[in-house]
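A.B. asks: Dropping a structure here in structure tokens format, bear with me for questions.
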Amino acid sequence: MNDTARYRLTRLADLPPAACPCGTARRAFVDEPEQTASMHVVEITADSRTHYHRRLTEMYYVLEGEGRIELDGDTFPLAPGVAVMIKPGCRHRAYPADRSRPLRVLNVPVPAFDPADEHFD
């Protein structure tokens, strides 16, 4: 790819995992100058820590596993094919039904993920 290309390709599985409140995340496109959006594959292996974002909207799409998600105190089941939109200010966390089988989600933050916009009560 050259510097003027209007596209980027990446293989999420090749990106290094980063610790996050949910477990680990492989994050693509976080360094784009426009900060339009990023894309993450998140492995949720245990109870995640409740957190929220002041600017980000997150969209989850469950790829593998089953579990639950808490959204502002309400709890919902998660399974492959379920999509969730989490707006700014919504306190949230997810966890797998069985700790020995991680919950894998595709996460698309808009604008792109910013670690400074991860807040805990």
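Every chain in the structure tokens takes a letter, A first, then B, and so on in the order presented; its residues are numbered from 1, and the ligands are numbered from 1 following the presented order.
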Per DSSP on the backbone, filter chain A down to the residues in strand (DSSP E or B) and report them as a PyMOL selection string.

C.D. replies: chain A and resi 18-20+23-28+39-44+51-52+57-64+67-71+74-78+83-86+92-96+103-110+119

A.B. asks: Taking 2 positions as the minimum chain separation for residues in the same chain, which residues sit within 12 Å of A:Gly65 when counting only C-alpha atoms? Answer as a list in words.

C.D. replies: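 Residues meeting the cut-off are Val42, Glu43, Ile44, Thr45, Tyr61, Val62, Leu63, Gly67, Arg68, Pro77, Leu78, Ala79, Pro80, Gly81, Val82, Ala94, Tyr95, Pro96, Ala97, Asp98, Arg99, Ser100, Arg101, Pro102, Leu103, Arg104 and Val105 of chain A.
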
A.B. asks: Under the rule that only C-alpha atoms are counted, which of A:Leu106, A:Leu12, A:Met85, A:Cys90 is the nearest residue to A:Glu118?

C.D. replies: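 Closest candidate: A:Cys90.
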
A.B. asks: Could you find all residues in chain A that DSSP calls helix (DSSP H, G or I) from the backbone, and write them as a ChimeraX atom specification?

C.D. replies: /A:12-14,115-117

A.B. asks: Rank nothing, just name the residue among A:Ala112, A:Ala46, A:Ile86, A:Ala5 nearest to A:Pro33, using only C-alpha atoms.

C.D. replies: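 Nearest to A:Pro33: A:Ala112.
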
A.B. asks: Give me, as JSON, numbers by chain, all polymer residues having an atom no more than 12 Å from A:Pro115, counting only C-alpha atoms and skipping those fewer than 3 positions away in the same chain.

C.D. replies: {"A": [18, 19, 20, 21, 27, 30, 51, 52, 53, 54, 55, 56, 109, 111, 112, 118, 119]}

A.B. asks: Using only C-alpha atoms for the distances, tell me which of A:Gln35, A:Val41, A:Thr50, A:Pro88 is nearest to A:Ala13.

C.D. replies: A:Val41

A.B. asks: Using atom CA of A:Thr4 and atom CA of A:Ser38 as the two end points, give the distance in Å to one decimal.

C.D. replies: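 Computing it gives 19.3 Å between the two atoms.
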
A.B. asks: Which value, in Å to one decimal, gives the distance between atom CA of A:Tyr7 and atom CA of A:Cys22?

C.D. replies: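 Taking atom CA of A:Tyr7 as the start and atom CA of A:Cys22 as the end point, the length is 29.0 Å.
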